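Trainee: File upload-v6.csv follows (CSV, C-alpha atoms):
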```csv
chain,number,residue,atom,x,y,z
A,79,ILE,CA,-63.2,44.0,173.1
A,80,LEU,CA,-60.7,44.1,170.3
A,81,ASP,CA,-62.2,41.0,168.7
A,82,GLN,CA,-65.6,42.6,168.8
A,83,LEU,CA,-64.2,45.8,167.3
A,84,GLU,CA,-62.7,43.8,164.5
A,85,GLU,CA,-66.0,42.0,163.8
A,86,GLN,CA,-67.9,45.3,163.7
A,87,ALA,CA,-65.4,47.0,161.5
A,88,GLN,CA,-65.4,44.1,159.0
A,89,PHE,CA,-69.2,44.1,159.0
A,90,ALA,CA,-69.2,47.9,158.4
A,91,ALA,CA,-66.7,47.6,155.6
A,92,MET,CA,-68.8,44.9,154.0
A,93,MET,CA,-71.9,47.0,154.2
A,94,ALA,CA,-70.0,49.9,152.7
A,95,GLY,CA,-69.1,47.8,149.6
A,96,GLY,CA,-65.6,46.9,150.8
A,97,ALA,CA,-64.7,50.4,152.0
A,98,GLY,CA,-63.1,51.4,148.7
A,99,ASP,CA,-59.3,51.7,149.0
A,100,VAL,CA,-59.1,51.4,152.8
A,101,ASP,CA,-57.3,48.3,154.2
A,102,VAL,CA,-59.5,47.5,157.1
A,103,ASP,CA,-57.3,44.6,158.3
A,104,ALA,CA,-54.1,46.8,158.3
A,105,GLY,CA,-55.9,49.5,160.3
A,106,LEU,CA,-57.3,47.1,162.9
A,107,ALA,CA,-53.9,45.4,163.2
A,108,MET,CA,-52.4,48.8,164.0
A,109,ILE,CA,-55.0,49.6,166.6
A,110,ARG,CA,-54.5,46.2,168.2
A,111,SER,CA,-50.7,46.9,168.3
A,112,VAL,CA,-51.3,50.3,170.0
A,113,VAL,CA,-53.6,48.9,172.6
A,114,GLU,CA,-51.3,45.9,173.4
A,115,ASN,CA,-48.3,48.1,173.6
A,116,PHE,CA,-50.1,50.4,176.0
A,117,ALA,CA,-51.2,47.5,178.2
A,118,ASN,CA,-47.7,46.1,178.3
A,119,ASP,CA,-45.7,49.4,178.7
A,120,ALA,CA,-48.0,51.4,181.1
A,121,ASP,CA,-46.5,51.9,184.5
A,122,THR,CA,-48.5,54.6,186.3
A,123,GLY,CA,-51.8,56.4,185.7
A,124,VAL,CA,-53.1,59.3,187.7
A,125,ILE,CA,-56.3,61.4,187.3
A,126,GLY,CA,-56.7,64.7,189.0
A,127,ILE,CA,-59.2,67.5,189.2
A,128,ASP,CA,-58.3,71.1,189.8
A,129,MET,CA,-61.2,73.4,190.9
A,130,SER,CA,-61.1,77.1,191.3
A,131,ALA,CA,-63.4,80.2,190.9
A,132,ASP,CA,-62.2,80.5,187.3
A,133,GLY,CA,-63.0,77.0,186.1
A,134,ILE,CA,-62.4,73.2,186.4
A,135,GLY,CA,-59.4,71.4,185.1
A,136,LEU,CA,-59.2,67.6,184.5
A,137,ASP,CA,-55.7,66.1,184.3
A,138,ILE,CA,-54.9,62.6,183.1
A,139,PHE,CA,-51.3,61.5,183.5
A,140,SER,CA,-49.8,58.3,182.1
A,141,ASN,CA,-46.2,57.1,182.6
A,142,PHE,CA,-44.6,54.3,180.7
A,143,LYS,CA,-41.8,51.8,181.8
A,144,ALA,CA,-38.3,53.0,181.1
A,145,GLY,CA,-36.8,51.5,178.0
A,146,SER,CA,-40.2,50.2,176.8
A,147,THR,CA,-41.5,51.0,173.3
A,148,LEU,CA,-43.9,53.7,174.6
A,149,GLY,CA,-41.4,54.8,177.2
A,150,LYS,CA,-39.0,55.7,174.4
A,151,MET,CA,-41.7,57.2,172.2
A,152,PHE,CA,-42.9,59.5,175.0
A,153,ASP,CA,-39.4,60.4,176.3
A,154,ALA,CA,-39.6,63.9,174.8
A,155,ALA,CA,-41.4,65.9,172.1
A,156,PRO,CA,-41.2,69.3,170.6
A,157,ASN,CA,-43.6,72.0,171.6
A,158,THR,CA,-46.2,74.2,169.9
A,159,GLU,CA,-44.3,77.5,170.4
A,160,GLY,CA,-45.0,79.9,167.6
A,161,LEU,CA,-47.8,77.9,166.0
A,162,MET,CA,-50.8,79.7,167.4
A,163,GLU,CA,-49.0,83.0,166.7
A,164,ALA,CA,-49.1,82.2,163.0
A,165,LEU,CA,-52.9,82.1,162.9
A,166,PRO,CA,-54.8,85.3,162.0
A,167,ALA,CA,-56.4,87.6,164.6
A,168,GLY,CA,-60.2,87.7,164.8
A,169,ASP,CA,-63.2,85.7,165.8
A,170,TYR,CA,-62.8,81.9,165.8
A,171,VAL,CA,-64.9,78.8,166.5
A,172,PHE,CA,-62.0,76.3,166.9
A,173,ALA,CA,-58.2,76.6,167.0
A,174,ALA,CA,-55.5,74.0,167.5
A,175,ALA,CA,-51.8,73.4,167.2
A,176,GLN,CA,-49.6,70.3,167.3
A,177,ASN,CA,-46.0,69.7,166.7
A,178,ASN,CA,-45.6,66.5,164.7
A,179,SER,CA,-41.9,66.9,164.0
A,180,GLY,CA,-40.8,64.6,166.8
A,181,GLY,CA,-42.1,62.5,169.7
A,182,PRO,CA,-45.1,60.2,169.8
A,183,PHE,CA,-47.3,62.1,167.3
A,184,ALA,CA,-44.5,61.9,164.7
A,185,GLU,CA,-44.0,58.2,165.4
A,186,ILE,CA,-47.8,57.5,165.1
A,187,THR,CA,-48.0,59.5,161.8
A,188,LYS,CA,-44.9,57.6,160.5
A,189,ASN,CA,-46.4,54.2,161.5
A,190,LEU,CA,-49.8,55.1,160.0
A,191,MET,CA,-48.3,56.0,156.7
A,192,GLU,CA,-45.9,53.1,156.5
A,193,ALA,CA,-48.7,50.6,157.4
A,194,ASP,CA,-50.7,52.1,154.4
A,195,ALA,CA,-53.7,51.4,156.5
A,196,LEU,CA,-55.6,54.2,154.9
A,197,GLY,CA,-54.8,53.3,151.3
A,198,ASP,CA,-55.6,56.3,149.1
A,199,PHE,CA,-56.8,58.2,152.1
A,200,ALA,CA,-53.1,58.8,152.9
A,201,ALA,CA,-53.1,61.3,150.0
A,202,PHE,CA,-55.7,63.5,151.7
A,203,GLY,CA,-55.1,66.9,153.0
A,204,GLN,CA,-51.5,66.8,154.2
A,205,ASN,CA,-49.1,64.3,152.7
A,206,LYS,CA,-46.2,62.5,154.5
A,207,VAL,CA,-44.1,65.6,154.6
A,208,SER,CA,-46.6,68.0,155.9
A,209,MET,CA,-48.2,65.6,158.4
A,210,ALA,CA,-44.8,65.2,160.1
A,211,SER,CA,-44.5,69.0,160.4
A,212,PRO,CA,-45.5,71.5,163.1
A,213,ASN,CA,-49.0,72.8,162.2
A,214,SER,CA,-51.9,74.8,163.4
A,215,TYR,CA,-55.5,75.4,162.4
A,216,MET,CA,-58.2,77.9,162.9
A,217,LEU,CA,-61.9,77.8,161.9
A,218,ALA,CA,-63.6,81.2,161.7
A,219,PRO,CA,-67.4,81.5,162.0
A,220,SER,CA,-69.5,81.6,158.9
A,221,PRO,CA,-72.9,83.4,158.8
A,222,PRO,CA,-75.9,81.0,159.0
A,223,PHE,CA,-77.3,80.4,155.6
A,224,GLY,CA,-74.5,82.6,154.2
A,225,GLY,CA,-73.7,80.1,151.6
A,226,ALA,CA,-70.0,79.8,152.5
A,227,GLY,CA,-70.3,76.5,154.4
A,228,LEU,CA,-69.7,75.8,158.1
A,229,PHE,CA,-66.1,74.7,157.6
A,230,ALA,CA,-65.1,76.8,154.6
A,231,ASN,CA,-63.8,79.8,156.5
A,232,SER,CA,-60.7,78.1,157.8
A,233,VAL,CA,-56.9,78.5,157.6
A,234,SER,CA,-54.1,76.0,158.3
A,235,TYR,CA,-50.4,76.8,158.9
A,236,ILE,CA,-47.6,74.2,158.3
A,237,ARG,CA,-44.1,75.2,159.4
A,238,GLY,CA,-41.0,73.8,157.7
A,239,ARG,CA,-37.4,74.6,156.8
A,240,ASP,CA,-38.3,74.9,153.1
A,241,ALA,CA,-41.7,76.6,152.7
A,242,ASN,CA,-41.7,76.3,148.9
A,243,ALA,CA,-41.0,72.5,149.1
A,244,LEU,CA,-43.9,72.2,151.5
A,245,LYS,CA,-46.2,74.1,149.2
A,246,ARG,CA,-45.2,71.9,146.3
A,247,ASP,CA,-45.7,68.7,148.3
A,248,TYR,CA,-49.1,69.9,149.6
A,249,GLY,CA,-50.2,70.7,146.1
A,250,ALA,CA,-49.1,67.2,145.0
A,251,SER,CA,-51.2,65.7,147.8
A,252,ILE,CA,-54.3,67.6,146.5
A,253,GLU,CA,-53.7,66.4,143.0
A,254,ALA,CA,-53.4,62.8,144.3
A,255,MET,CA,-57.0,63.0,145.6
A,256,ASP,CA,-58.4,63.3,142.1
A,257,GLY,CA,-60.3,60.2,141.1
A,258,VAL,CA,-60.0,58.5,144.5
A,259,ASP,CA,-63.0,56.3,145.4
A,260,LEU,CA,-63.6,56.5,149.2
A,261,MET,CA,-66.0,53.6,148.9
A,262,GLU,CA,-68.7,52.4,146.5
A,263,GLY,CA,-70.8,55.5,145.6
A,264,MET,CA,-68.4,58.0,147.1
A,265,SER,CA,-65.6,59.6,145.1
A,266,TYR,CA,-63.3,62.6,145.1
A,267,SER,CA,-62.4,65.0,142.4
A,268,ALA,CA,-59.6,67.5,142.8
A,269,SER,CA,-57.7,70.1,140.8
A,270,LEU,CA,-54.7,72.4,141.4
A,271,GLN,CA,-53.7,75.6,139.6
A,272,LYS,CA,-50.1,76.5,140.4
A,273,ASN,CA,-49.3,80.2,141.0
A,274,ALA,CA,-52.7,81.1,139.8
A,275,ILE,CA,-52.8,84.5,141.5
A,276,SER,CA,-50.7,86.9,143.6
A,277,ILE,CA,-51.8,88.1,147.0
A,278,ASP,CA,-49.6,90.8,148.8
A,279,GLY,CA,-46.8,89.9,146.4
A,280,VAL,CA,-46.9,86.2,147.1
A,281,ASP,CA,-47.6,83.6,144.4
A,282,VAL,CA,-50.6,81.6,145.5
A,283,ASP,CA,-51.9,78.2,144.2
A,284,THR,CA,-55.6,77.7,144.0
A,285,TYR,CA,-57.2,74.3,144.6
A,286,SER,CA,-60.6,72.7,144.5
A,287,THR,CA,-61.9,69.4,145.9
A,288,THR,CA,-65.3,67.9,145.7
A,289,MET,CA,-66.8,64.7,147.2
A,290,SER,CA,-69.6,63.2,145.1
A,291,ILE,CA,-72.1,60.8,146.7
A,292,ASP,CA,-74.3,58.6,144.6
A,293,ALA,CA,-77.5,58.0,146.7
A,294,GLU,CA,-78.5,55.0,144.6
A,295,ALA,CA,-75.3,53.2,145.7
A,296,PHE,CA,-76.7,53.4,149.3
A,297,GLY,CA,-80.1,52.0,148.3
A,298,GLY,CA,-81.6,55.5,148.3
A,299,GLY,CA,-82.5,56.0,144.7
A,300,GLY,CA,-82.1,59.7,145.3
A,301,ALA,CA,-85.0,59.9,147.8
A,302,ALA,CA,-83.6,57.9,150.7
A,303,MET,CA,-80.3,56.8,152.1
A,304,GLY,CA,-79.9,53.7,154.2
A,305,GLY,CA,-83.7,53.5,154.7
A,306,MET,CA,-83.8,57.0,156.1
A,307,PRO,CA,-85.5,59.9,154.2
A,308,PHE,CA,-82.8,61.9,152.5
A,309,ALA,CA,-83.3,64.4,149.7
A,310,ASP,CA,-79.8,64.7,148.4
A,311,PRO,CA,-76.6,63.4,150.1
A,312,ASN,CA,-74.5,66.0,148.4
A,313,PHE,CA,-76.4,68.7,150.2
A,314,ILE,CA,-74.5,67.9,153.3
A,315,ASN,CA,-71.3,68.8,151.6
A,316,THR,CA,-72.9,72.1,150.5
A,317,ILE,CA,-73.8,72.9,154.1
A,318,LEU,CA,-70.2,72.0,155.3
A,319,PHE,CA,-68.2,73.6,152.5
A,320,GLY,CA,-70.5,75.8,150.4
A,321,PRO,CA,-71.3,75.4,146.7
A,322,SER,CA,-67.9,73.9,146.0
A,323,GLY,CA,-68.9,70.7,147.9
A,324,GLY,CA,-65.5,70.5,149.5
A,325,PRO,CA,-62.5,72.5,150.6
A,326,SER,CA,-61.5,74.8,147.8
A,327,GLY,CA,-59.1,77.6,148.5
A,328,TYR,CA,-55.5,78.9,148.5
A,329,ILE,CA,-52.1,77.4,149.1
A,330,ALA,CA,-49.3,80.0,149.8
A,331,ALA,CA,-45.7,79.8,151.0
A,332,LYS,CA,-44.8,82.7,153.3
A,333,GLY,CA,-41.8,83.0,155.7
A,334,ASN,CA,-41.1,79.7,157.4
A,335,GLY,CA,-44.3,77.9,156.4
A,336,VAL,CA,-47.3,77.3,154.2
A,337,PHE,CA,-50.8,78.6,154.6
A,338,VAL,CA,-53.9,76.7,153.3
A,339,THR,CA,-57.4,78.2,153.4
A,340,GLY,CA,-60.6,76.2,153.1
A,341,SER,CA,-62.1,78.8,150.8
A,342,LYS,CA,-61.0,81.5,148.4
A,343,ASN,CA,-60.9,84.1,151.2
A,344,SER,CA,-58.1,86.5,150.4
A,345,GLU,CA,-58.7,88.6,153.5
A,346,LEU,CA,-58.2,85.6,155.8
A,347,LEU,CA,-55.0,84.7,154.0
A,348,GLN,CA,-53.7,88.3,154.2
A,349,SER,CA,-54.5,88.3,158.0
A,350,ALA,CA,-52.5,85.1,158.3
A,351,PHE,CA,-49.6,86.7,156.4
A,352,THR,CA,-49.7,89.6,158.9
A,353,ALA,CA,-49.7,87.2,161.9
A,354,SER,CA,-46.7,85.2,160.5
A,355,GLY,CA,-44.8,88.4,160.1
A,356,GLY,CA,-45.1,89.3,163.8
A,357,GLY,CA,-48.3,91.3,163.5
A,358,ALA,CA,-51.7,90.8,165.2
A,359,SER,CA,-52.5,87.1,165.7
A,360,LEU,CA,-55.0,84.8,167.3
A,361,ALA,CA,-52.5,84.4,170.2
A,362,ASP,CA,-53.2,88.0,171.2
A,363,ASN,CA,-56.9,87.1,172.0
A,364,GLU,CA,-57.2,87.8,175.8
A,365,MET,CA,-59.8,85.2,176.4
A,366,LEU,CA,-57.6,82.6,174.7
A,367,GLN,CA,-54.6,83.8,176.6
A,368,ALA,CA,-56.5,83.2,179.9
A,369,VAL,CA,-57.1,79.6,179.1
A,370,ARG,CA,-53.7,79.0,177.5
A,371,GLY,CA,-52.3,80.2,180.8
A,372,LYS,CA,-54.1,77.3,182.6
A,373,MET,CA,-52.3,74.7,180.4
A,374,PRO,CA,-48.9,73.1,181.2
A,375,ALA,CA,-45.8,74.5,179.7
A,376,GLY,CA,-44.1,72.8,176.8
A,377,ARG,CA,-47.3,71.6,175.2
A,378,THR,CA,-47.0,69.1,172.3
A,379,ALA,CA,-50.6,69.7,171.2
A,380,GLU,CA,-53.3,72.2,172.2
A,381,ALA,CA,-56.9,72.9,171.1
A,382,TYR,CA,-59.6,75.5,172.0
A,383,LEU,CA,-63.3,75.6,171.4
A,384,ASN,CA,-65.0,79.1,171.4
A,385,LEU,CA,-68.6,78.5,172.5
A,386,ASN,CA,-69.3,82.3,172.1
A,387,SER,CA,-69.1,82.0,168.3
A,388,ILE,CA,-71.2,78.8,168.4
A,389,PHE,CA,-73.9,80.4,170.5
A,390,GLU,CA,-74.0,83.5,168.2
A,391,GLN,CA,-74.5,81.3,165.1
A,392,VAL,CA,-77.2,79.1,166.8
A,393,LEU,CA,-79.1,82.1,168.2
A,394,ALA,CA,-78.9,83.9,164.8
A,395,LEU,CA,-80.2,80.8,163.1
A,396,ALA,CA,-83.1,80.5,165.7
A,397,GLN,CA,-84.1,84.1,165.0
A,398,MET,CA,-84.0,83.6,161.2
A,399,MET,CA,-86.3,80.6,161.7
A,400,GLY,CA,-88.7,82.7,163.7
A,401,GLY,CA,-87.8,81.6,167.2
A,402,GLN,CA,-89.3,83.7,169.9
A,403,MET,CA,-87.8,82.0,172.9
A,404,ASP,CA,-86.7,84.0,175.9
A,405,LEU,CA,-83.1,82.9,176.1
A,406,PRO,CA,-80.5,83.8,178.7
A,407,GLU,CA,-77.9,86.4,177.7
A,408,VAL,CA,-74.6,84.8,176.6
A,409,PRO,CA,-71.7,86.5,178.4
A,410,ALA,CA,-68.2,86.8,176.9
A,411,MET,CA,-66.7,83.4,177.8
A,412,PRO,CA,-63.1,82.1,177.6
A,413,PRO,CA,-62.8,79.0,175.4
A,414,VAL,CA,-62.8,75.4,176.5
A,415,GLY,CA,-59.2,74.2,176.2
A,416,GLY,CA,-57.3,70.9,176.0
A,417,SER,CA,-53.7,70.0,175.7
A,418,ALA,CA,-51.2,67.2,175.7
A,419,THR,CA,-47.6,67.5,177.1
A,420,VAL,CA,-45.0,64.8,176.5
A,421,ASP,CA,-41.8,64.4,178.6
A,422,ASP,CA,-39.7,61.9,180.4
A,423,GLY,CA,-41.5,58.8,179.3
A,424,GLY,CA,-45.0,60.1,180.1
A,425,MET,CA,-47.9,62.2,178.9
A,426,LEU,CA,-50.1,64.7,180.7
A,427,ALA,CA,-53.4,65.5,179.1
A,428,ARG,CA,-55.5,68.4,180.4
A,429,VAL,CA,-59.0,69.6,179.7
A,430,TYR,CA,-60.0,73.0,181.2
A,431,VAL,CA,-63.6,74.3,181.3
A,432,PRO,CA,-64.1,77.9,182.5
A,433,THR,CA,-66.8,78.6,185.1
A,434,SER,CA,-68.7,81.0,182.8
A,435,VAL,CA,-69.0,78.2,180.2
A,436,ILE,CA,-70.4,75.8,182.9
A,437,THR,CA,-73.0,78.4,184.2
A,438,THR,CA,-74.1,79.4,180.7
A,439,LEU,CA,-74.6,75.8,179.6
A,440,ALA,CA,-76.5,75.1,182.9
A,441,ALA,CA,-78.8,78.1,182.2
A,442,TYR,CA,-79.6,76.9,178.7
A,443,ALA,CA,-80.2,73.4,180.0
A,444,GLU,CA,-82.8,74.8,182.3
A,445,VAL,CA,-84.5,76.7,179.5
A,446,LEU,CA,-84.7,73.6,177.3
A,447,GLU,CA,-86.1,71.6,180.3
A,448,ASP,CA,-88.8,74.2,180.8
A,449,LEU,CA,-89.7,74.1,177.1
A,450,ASN,CA,-89.8,70.3,177.1
A,451,PRO,CA,-90.7,69.0,180.5
A,452,GLY,CA,-90.5,65.3,180.8
A,453,GLY,CA,-88.6,64.8,177.6
A,454,ALA,CA,-89.3,64.8,173.9
A,455,LEU,CA,-92.6,63.0,174.2
A,456,GLY,CA,-93.8,65.0,177.2
A,457,GLY,CA,-93.0,62.4,179.8
A,458,PRO,CA,-93.4,58.6,180.1
A,459,GLN,CA,-96.2,57.2,178.0
A,460,PHE,CA,-98.3,54.3,179.5
```
What would the structure in this file look like if it were written as structure tokens?
Mentor:
Amino acid sequence: ILDQLEEQAQFAAMMAGGAGDVDVDAGLAMIRSVVENFANDADTGVIGIDMSADGIGLDIFSNFKAGSTLGKMFDAAPNTEGLMEALPAGDYVFAAAQNNSGGPFAEITKNLMEADALGDFAAFGQNKVSMASPNSYMLAPSPPFGGAGLFANSVSYIRGRDANALKRDYGASIEAMDGVDLMEGMSYSASLQKNAISIDGVDVDTYSTTMSIDAEAFGGGGAAMGGMPFADPNFINTILFGPSGGPSGYIAAKGNGVFVTGSKNSELLQSAFTASGGGASLADNEMLQAVRGKMPAGRTAEAYLNLNSIFEQVLALAQMMGGQMDLPEVPAMPPVGGSATVDDGGMLARVYVPTSVITTLAAYAEVLEDLNPGGALGGPQF
């Protein structure tokens, strides 16, 4: 399987013009090392299902041999305490937290950077310092066709002993993105303005990133891409991030950490400041609390997907496009949750799906089936 993966990755890199600055061989060597270590060090594996009236939980537990490479790596890890509490209160689509300051995630990050498998990709987003720090992330909903971009309304929190140093290092990683060629026909431009504005008495950097795509480099000539009809590849970036074509927002040091927004949304940043100071935060959300309570204690990483926000955006989009379907009402649902807990040479991963999410998805599946009986083509064609 690994040999086939290597062949496919090499072929994909060749088709992409050499994959720019990415060292495919180094990346594959690292993947092979991880897989081989897992096969050699694994001791016990258990899968369990927990069913109740509230929802279904799937647990996957792996334990590694004492004294082995992975056994030592998974011996202990810091938890996510206080990270979700730093995210602003309000509606959200997705939220996550992970503590990379120790344990397996820190080791994986360290190995990834030292291997230089990503080449110039290593400069992206968070640099070596911030990637090894406890961090959390929240994506808030954006109105359909609102022009902001689906991923623009976001905020990240990076915790560290020296917030100003983290801010400086993060800004440097943004500047390092400028002029990076992802692959032939795809390049990044980036800029940073230090202490450009002040929000709530805090000096804030502004940054801008844009990924440019040359359709002709993909054989499209501006009208097609990879043989598929495609008007403008850069339009995808506009949909994802708005007119800027990439994350472009604020970087601010506050308290024990740094906040980074995906757009120049001062209200979102102010709400994050409030949360970090002990005010209202995302962790106060009752629906989120209900699912967090289903997760194991001492979590090293956790993530939550709020389908309510997704349904609201999809239904609003359908109405704007003139949809007249009689759709079931969407109840208030807790999020789908997932977590990873590391301790004593093992890891417990859990995914939890609330009952209301299951029943709502089943109801919509029935509606789609009624609208399209037999499949997209109306049933088998003979």
Trainee: Quote the spacing between atom CA of A:Pro432 and atom CA of A:Pro374 in Å to one decimal place.
Mentor: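 We find that atom CA of A:Pro432 and atom CA of A:Pro374 lie 16.0 Å from each other.
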Trainee: At a cut-off of 12 Å, using all atoms listed in the file, what residues contact A:Met151? Leave out same-chain residues fewer than 6 positions from it and give the result as a PyMOL selection string.
Mentor: chain A and resi 115-116+119+141-145+180-186+420-425
Trainee: Taking all atoms listed in the file into account, name the residue in A:Gly415, A:Gly333, A:Pro409, A:Gly149 that is nearest to A:Asn118.
Mentor: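 Between A:Gly415, A:Gly333, A:Pro409, A:Gly149, the residue approaching A:Asn118 most closely is A:Gly149.
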Trainee: Would you compute the distance between atom CA of A:Val408 and atom CA of A:Thr438? Give it in Å to one decimal.
Mentor: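 Between atom CA of A:Val408 and atom CA of A:Thr438 the gap works out to 6.8 Å.
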Trainee: Expressed in Å to a single decimal, how great is the separation between atom CA of A:Tyr235 and atom CA of A:Met264?
Mentor: 28.6 Å
Trainee: Nearest to A:Asp132 among A:Val171, A:Leu439, A:Val369, A:Tyr382, with distances taken over only C-alpha atoms: which residue is it?
Mentor: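 Closest residue, counting only C-alpha atoms: A:Val369.
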Trainee: Do you know which residues are at most 10 Å from A:Gly320 counting all atoms listed in the file, after dropping those on the same chain fewer than 3 positions away, and could you put them as an MDAnalysis selection string?
Mentor: chainID A and resid 223:231 313:317 323:326 341
Trainee: Would you mind exporting C-alpha atoms of the selected residues as a PDB file, keeping the file's coordinate frame?
Mentor:
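What follows is the written file result.pdb:
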```
ATOM      1  CA  PHE A 223     -77.300  80.400 155.600  1.00  0.00           C
ATOM      2  CA  GLY A 224     -74.500  82.600 154.200  1.00  0.00           C
ATOM      3  CA  GLY A 225     -73.700  80.100 151.600  1.00  0.00           C
ATOM      4  CA  ALA A 226     -70.000  79.800 152.500  1.00  0.00           C
ATOM      5  CA  GLY A 227     -70.300  76.500 154.400  1.00  0.00           C
ATOM      6  CA  LEU A 228     -69.700  75.800 158.100  1.00  0.00           C
ATOM      7  CA  PHE A 229     -66.100  74.700 157.600  1.00  0.00           C
ATOM      8  CA  ALA A 230     -65.100  76.800 154.600  1.00  0.00           C
ATOM      9  CA  ASN A 231     -63.800  79.800 156.500  1.00  0.00           C
ATOM     10  CA  PHE A 313     -76.400  68.700 150.200  1.00  0.00           C
ATOM     11  CA  ILE A 314     -74.500  67.900 153.300  1.00  0.00           C
ATOM     12  CA  ASN A 315     -71.300  68.800 151.600  1.00  0.00           C
ATOM     13  CA  THR A 316     -72.900  72.100 150.500  1.00  0.00           C
ATOM     14  CA  ILE A 317     -73.800  72.900 154.100  1.00  0.00           C
ATOM     15  CA  GLY A 323     -68.900  70.700 147.900  1.00  0.00           C
ATOM     16  CA  GLY A 324     -65.500  70.500 149.500  1.00  0.00           C
ATOM     17  CA  PRO A 325     -62.500  72.500 150.600  1.00  0.00           C
ATOM     18  CA  SER A 326     -61.500  74.800 147.800  1.00  0.00           C
ATOM     19  CA  SER A 341     -62.100  78.800 150.800  1.00  0.00           C
TER      20      SER A 341
END
```
Trainee: Which one of A:Ser276, A:Ser234, A:Thr419, A:Ser354 sits closest to A:Ala379 if you count all atoms listed in the file?
Mentor: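 Once distances to A:Ala379 are computed over all atoms listed in the file, the minimum belongs to A:Thr419.
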Trainee: Out of A:Ala443, A:Met373, A:Ile275, A:Val258, which residue has the shortest atom-to-atom distance to A:Ala427 when counting only C-alpha atoms?
Mentor: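 Answer, going by the shortest atom-to-atom distance: A:Met373.
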Trainee: Tell me, as a PyMOL selection string, which residues lie within 6 Å of A:Ile236, counting all atoms listed in the file; anything in the same chain fewer than 3 positions away does not count.
Mentor: chain A and resi 212-213+335-336
Trainee: So which residues touch A:Phe389 within 12 Å, counting all atoms listed in the file, skipping near sequence neighbours fewer than 4 positions away, as a list in words?
Mentor: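 My list of contacting residues is Val171, Pro219, Pro222, Leu383, Asn384, Leu385, Leu393, Ala394, Leu395, Ala396, Leu405, Pro406, Glu407, Val408, Pro409, Ala410, Met411, Val435, Thr438, Leu439 and Tyr442 of chain A.
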Trainee: For A:Ser251, which of A:Ala268, A:Val124, A:Ala381, A:Leu346 is the closest residue, counting all atoms listed in the file?
Mentor: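 Of A:Ala268, A:Val124, A:Ala381, A:Leu346, the one nearest A:Ser251, counting all atoms listed in the file, is A:Ala268.
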Trainee: Pick the closest to A:Thr433 from A:Ile277, A:Leu446, A:Val233, A:Ile134: which is it, counting all atoms listed in the file?
Mentor: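 Ranked by minimum distance to A:Thr433, first place goes to A:Ile134.
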Trainee: If we count only C-alpha atoms, what is near A:Asn343 at a cut-off of 9 Å, once residues fewer than 5 positions away on the same chain are taken out, given as a ChimeraX atom specification?
Mentor: /A:231-232,327-328,348
